[in-house]
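Shown below: structure.tsv, with TSV, C-alpha atoms.
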chain	number	residue	atom	x	y	z
Y	9	MET	CA	-27.92	23.22	15.89
Y	10	ASN	CA	-27.59	20.89	18.86
Y	11	ASN	CA	-30.65	21.72	20.97
Y	12	SER	CA	-29.34	19.71	23.94
Y	13	LEU	CA	-26.56	22.24	24.56
Y	14	LEU	CA	-27.03	24.51	27.57
Y	15	PHE	CA	-28.04	28.11	26.97
Y	16	ASP	CA	-28.93	30.12	30.06
Y	17	PHE	CA	-29.55	33.88	29.93
Y	18	THR	CA	-30.43	35.59	33.21
Y	19	VAL	CA	-30.95	39.30	33.84
Y	20	ASP	CA	-30.68	40.38	37.49
Y	21	LYS	CA	-31.73	44.03	37.72
Y	22	ALA	CA	-31.09	44.14	41.46
Y	23	VAL	CA	-27.34	43.87	40.85
Y	24	LYS	CA	-27.34	45.37	37.29
Y	25	THR	CA	-25.88	42.12	35.97
Y	26	VAL	CA	-26.49	39.74	33.08
Y	27	TYR	CA	-25.36	36.12	33.40
Y	28	ILE	CA	-24.99	34.03	30.26
Y	29	THR	CA	-23.85	30.42	30.04
Y	30	ARG	CA	-23.66	28.67	26.67
Y	31	GLU	CA	-22.24	25.33	25.57
Y	32	PHE	CA	-20.75	24.75	22.12
Y	33	ASP	CA	-19.95	21.47	20.38
Y	34	ALA	CA	-16.40	22.58	19.60
Y	35	GLU	CA	-12.94	22.50	21.10
Y	36	GLN	CA	-12.10	25.18	23.65
Y	37	SER	CA	-9.22	26.60	21.59
Y	38	LEU	CA	-11.53	27.15	18.60
Y	39	VAL	CA	-14.22	28.81	20.73
Y	40	TRP	CA	-11.55	31.00	22.35
Y	41	ASP	CA	-10.34	32.05	18.88
Y	42	ALA	CA	-13.90	32.91	17.88
Y	43	PHE	CA	-14.07	35.40	20.76
Y	44	THR	CA	-10.56	36.83	20.37
Y	45	THR	CA	-9.82	37.01	16.62
Y	46	PRO	CA	-11.30	40.00	14.76
Y	47	GLU	CA	-11.79	38.15	11.46
Y	48	ILE	CA	-13.92	35.54	13.24
Y	49	LEU	CA	-15.67	38.02	15.55
Y	50	ASP	CA	-16.88	39.99	12.54
Y	51	GLN	CA	-18.57	36.85	11.18
Y	52	TRP	CA	-20.94	36.47	14.12
Y	53	THR	CA	-21.16	39.41	16.55
Y	54	ALA	CA	-23.97	41.34	14.87
Y	55	PRO	CA	-27.57	40.13	14.67
Y	56	ALA	CA	-28.83	39.77	11.08
Y	57	PRO	CA	-29.34	41.76	8.96
Y	58	TRP	CA	-26.65	43.89	10.64
Y	59	ALA	CA	-22.93	43.20	10.10
Y	60	SER	CA	-19.94	43.65	12.40
Y	61	ARG	CA	-16.88	45.57	11.22
Y	62	THR	CA	-13.76	45.79	13.37
Y	63	LYS	CA	-11.72	48.93	12.70
Y	64	TYR	CA	-8.88	47.69	14.90
Y	65	MET	CA	-8.25	45.16	17.65
Y	66	ASN	CA	-5.23	44.66	19.88
Y	67	PHE	CA	-5.98	41.65	22.09
Y	68	LYS	CA	-3.68	42.27	25.04
Y	69	VAL	CA	-4.13	43.76	28.50
Y	70	GLY	CA	-4.64	47.49	27.90
Y	71	GLY	CA	-5.38	46.83	24.21
Y	72	LYS	CA	-8.66	47.73	22.57
Y	73	ARG	CA	-11.18	46.61	19.99
Y	74	PHE	CA	-13.02	49.40	18.18
Y	75	TYR	CA	-15.85	48.15	16.00
Y	76	ALA	CA	-19.21	49.00	14.53
Y	77	MET	CA	-22.42	47.15	13.95
Y	78	VAL	CA	-23.59	48.29	10.54
Y	79	SER	CA	-27.18	48.19	9.30
Y	80	PRO	CA	-28.06	47.27	5.70
Y	81	GLU	CA	-28.69	51.02	5.16
Y	82	GLY	CA	-25.19	51.87	6.41
Y	83	LEU	CA	-26.11	53.12	9.90
Y	84	GLU	CA	-23.14	52.52	12.21
Y	85	ARG	CA	-23.38	51.83	15.95
Y	86	TRP	CA	-19.85	51.97	17.36
Y	87	ALA	CA	-18.43	50.39	20.54
Y	88	ILE	CA	-15.03	50.34	22.16
Y	89	GLN	CA	-13.73	47.56	24.37
Y	90	GLU	CA	-10.60	47.72	26.50
Y	91	TYR	CA	-9.08	44.43	27.66
Y	92	THR	CA	-8.36	44.53	31.40
Y	93	SER	CA	-7.27	40.93	32.07
Y	94	ILE	CA	-6.32	37.93	29.91
Y	95	THR	CA	-5.55	34.37	30.95
Y	96	PRO	CA	-4.94	32.62	27.61
Y	97	LYS	CA	-7.58	30.12	26.50
Y	98	THR	CA	-9.56	30.29	29.77
Y	99	ASN	CA	-10.59	33.84	30.74
Y	100	PHE	CA	-10.57	37.46	29.71
Y	101	LYS	CA	-12.19	40.64	30.96
Y	102	LEU	CA	-12.97	43.88	29.20
Y	103	TYR	CA	-14.62	47.23	29.72
Y	104	ASN	CA	-17.26	47.94	27.07
Y	105	ALA	CA	-18.87	51.25	26.11
Y	106	PHE	CA	-20.80	52.54	23.16
Y	107	ALA	CA	-18.85	55.21	21.31
Y	108	ASP	CA	-19.06	57.65	18.44
Y	109	LYS	CA	-17.12	57.16	15.20
Y	110	ASP	CA	-14.22	59.14	16.68
Y	111	GLU	CA	-13.80	56.70	19.60
Y	112	ASN	CA	-15.34	58.98	22.23
Y	113	PRO	CA	-17.04	56.63	24.72
Y	114	GLU	CA	-20.66	57.10	25.77
Y	115	LEU	CA	-20.51	56.43	29.49
Y	116	PRO	CA	-21.56	54.66	31.61
Y	117	GLY	CA	-20.35	51.32	30.29
Y	118	SER	CA	-20.13	47.76	31.52
Y	119	GLU	CA	-17.56	45.20	32.63
Y	120	TRP	CA	-17.60	41.85	30.84
Y	121	GLU	CA	-15.94	38.64	32.03
Y	122	TYR	CA	-15.65	35.60	29.76
Y	123	THR	CA	-14.67	32.18	31.12
Y	124	PHE	CA	-14.03	29.14	28.90
Y	125	SER	CA	-13.91	25.47	29.93
Y	126	GLU	CA	-14.12	22.18	28.05
Y	127	LEU	CA	-15.39	18.75	29.04
Y	128	ASN	CA	-15.67	15.83	26.61
Y	129	GLY	CA	-15.41	18.08	23.55
Y	130	ILE	CA	-18.13	20.48	24.73
Y	131	THR	CA	-16.92	24.01	25.52
Y	132	THR	CA	-18.81	26.11	28.03
Y	133	VAL	CA	-18.59	29.88	27.84
Y	134	SER	CA	-19.76	31.82	30.89
Y	135	ILE	CA	-20.23	35.56	30.51
Y	136	ILE	CA	-20.93	38.01	33.30
Y	137	ILE	CA	-21.87	41.57	32.33
Y	138	ILE	CA	-21.89	44.10	35.16
Y	139	ASN	CA	-23.45	47.40	34.15
Y	140	GLU	CA	-22.35	50.63	35.78
Y	141	SER	CA	-25.94	51.80	36.01
Y	142	LEU	CA	-29.39	50.25	36.01
Y	143	ALA	CA	-30.48	52.88	33.47
Y	144	ARG	CA	-27.80	51.68	31.02
Y	145	MET	CA	-28.81	48.06	31.49
Y	146	GLU	CA	-32.48	48.86	30.97
Y	147	LYS	CA	-31.62	50.87	27.84
Y	148	MET	CA	-29.66	47.91	26.44
Y	149	ILE	CA	-32.59	45.59	27.11
Y	150	GLU	CA	-35.03	48.05	25.49
Y	151	MET	CA	-32.74	48.21	22.44
Y	152	GLY	CA	-33.17	44.44	22.01
Y	153	PHE	CA	-29.98	43.20	23.68
Y	154	VAL	CA	-31.46	39.87	24.83
Y	155	GLU	CA	-32.89	38.96	21.42
Y	156	GLY	CA	-29.86	40.32	19.56
Y	157	PHE	CA	-27.39	38.44	21.75
Y	158	LYS	CA	-29.27	35.19	21.24
Y	159	MET	CA	-29.13	35.78	17.48
Y	160	THR	CA	-25.38	36.38	17.59
Y	161	ILE	CA	-24.84	33.18	19.58
Y	162	ASP	CA	-26.77	31.28	16.89
Y	163	ASN	CA	-24.47	32.94	14.34
Y	164	LEU	CA	-21.45	31.79	16.36
Y	165	GLU	CA	-22.69	28.22	16.42
Y	166	LYS	CA	-22.91	28.25	12.60
Y	167	VAL	CA	-19.42	29.75	12.30
Y	168	LEU	CA	-17.98	27.14	14.67
Y	169	THR	CA	-19.62	24.36	12.65
Y	170	THR	CA	-18.02	25.74	9.48
Y	171	LEU	CA	-14.61	26.13	11.13
Y	172	THR	CA	-14.78	22.62	12.64
Y	173	LYS	CA	-15.33	21.11	9.18
Y	174	LYS	CA	-12.20	22.76	7.76

Could you render the structure as structure tokens?
Amino acid sequence: MNNSLLFDFTVDKAVKTVYITREFDAEQSLVWDAFTTPEILDQWTAPAPWASRTKYMNFKVGGKRFYAMVSPEGLERWAIQEYTSITPKTNFKLYNAFADKDENPELPGSEWEYTFSELNGITTVSIIIINESLARMEKMIEMGFVEGFKMTIDNLEKVLTTLTKK
């Protein structure tokens, strides 16, 4: 892990928003693929010892990803994401909500915006998460969102290192 890479994680309860900025020592197209390809997403988007399992994903405006985080005991925590905007290789937005196994969303949800840029081989990913309610945001934080997200980003860094060596 390159400890000199930027990782900023800010929670602003006043506006129900989380701001995340993270640099990766990888090309922008590879980092983009890691966020938009289900086979790669499933390698890093769940904090250990949980695993991610995508049931389906259609990465296009109006398309959806339906996936579960699965515990070692088999407990499933489902989420559904609907893509609302895509600018290839540089930006996409989605609406995210927890869901049951039958794809019924648990509202309220949150809007996520991902922006990708590269400078001198270092790709920066900026993520803005706007929650529909402060209660939802506080529940996510209580459930370990901050720690879990940091773990998944560490997972992503390892996956990118492996993919870069191929």

What's the 9 Å shell around Ala54 in chain Y, counting all atoms listed in the file, without same-chain residues fewer than 2 positions away, as a PDB file with C-alpha atoms, in the coordinates of the input?
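File written: part-v9.pdb
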ATOM      1  CA  LEU Y  49     -15.670  38.020  15.550  1.00  0.00           C
ATOM      2  CA  ASP Y  50     -16.880  39.990  12.540  1.00  0.00           C
ATOM      3  CA  GLN Y  51     -18.570  36.850  11.180  1.00  0.00           C
ATOM      4  CA  TRP Y  52     -20.940  36.470  14.120  1.00  0.00           C
ATOM      5  CA  ALA Y  56     -28.830  39.770  11.080  1.00  0.00           C
ATOM      6  CA  PRO Y  57     -29.340  41.760   8.960  1.00  0.00           C
ATOM      7  CA  TRP Y  58     -26.650  43.890  10.640  1.00  0.00           C
ATOM      8  CA  ALA Y  59     -22.930  43.200  10.100  1.00  0.00           C
ATOM      9  CA  SER Y  60     -19.940  43.650  12.400  1.00  0.00           C
ATOM     10  CA  MET Y  77     -22.420  47.150  13.950  1.00  0.00           C
ATOM     11  CA  VAL Y  78     -23.590  48.290  10.540  1.00  0.00           C
ATOM     12  CA  GLY Y 156     -29.860  40.320  19.560  1.00  0.00           C
ATOM     13  CA  PHE Y 157     -27.390  38.440  21.750  1.00  0.00           C
ATOM     14  CA  MET Y 159     -29.130  35.780  17.480  1.00  0.00           C
ATOM     15  CA  THR Y 160     -25.380  36.380  17.590  1.00  0.00           C
ATOM     16  CA  ASN Y 163     -24.470  32.940  14.340  1.00  0.00           C
TER      17      ASN Y 163
END

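For the pair CA of Glu155 in chain Y and CA of Pro55 in chain Y, the interatomic distance is 8.7 Å.
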
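Distances here use only C-alpha atoms; by that measure, the residue among Y:Ser141, Y:Thr169, Y:Thr132, Y:Thr92 closest to Lys24 in chain Y is Y:Ser141.
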
Nearest candidate to Ala34 in chain Y (options Y:Leu171, Y:Gly129, Y:Val69, Y:Phe17; using only C-alpha atoms) | Y:Gly129

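Considering only C-alpha atoms, the residue among Y:Lys68, Y:Lys21, Y:Lys158, Y:Lys173 positioned nearest to Thr95 in chain Y is Y:Lys68.
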
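CA of Glu165 in chain Y is positioned 10.1 Å from CA of Ala42 in chain Y.
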
If you measure from CA of Ile88 in chain Y to CA of Ser134 in chain Y, what distance in Å do you get, rounded to one decimal?
-> 21.0 Å

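Of the residues under consideration (Y:Asn128, Y:Thr123, Y:Tyr75, Y:Lys147), Y:Thr123 shows the shortest atom-to-atom contact distance to Thr29 in chain Y when counting all atoms listed in the file.
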
Show me as a short mmCIF file (atom, residue, chain, number, x, y, z; two decimals) with C-alpha atoms, in the frame of the given file the residues that reach within 6 Å of (-9.2, 34.7, 25.4), counting only C-alpha atoms and using the file's own coordinates.
data_model
loop_
_atom_site.label_atom_id
_atom_site.label_comp_id
_atom_site.auth_asym_id
_atom_site.auth_seq_id
_atom_site.Cartn_x
_atom_site.Cartn_y
_atom_site.Cartn_z
CA TRP Y 40 -11.55 31.00 22.35
CA THR Y 44 -10.56 36.83 20.37
CA PRO Y 96 -4.94 32.62 27.61
CA LYS Y 97 -7.58 30.12 26.50
CA ASN Y 99 -10.59 33.84 30.74
CA PHE Y 100 -10.57 37.46 29.71
#

Which neighbours of Trp120 in chain Y fall inside 7 Å, counting all atoms listed in the file, when residues of the same chain fewer than 6 positions from it are skipped, and could you give them as a PyMOL selection string?
-> chain Y and resi 101-103+135-138
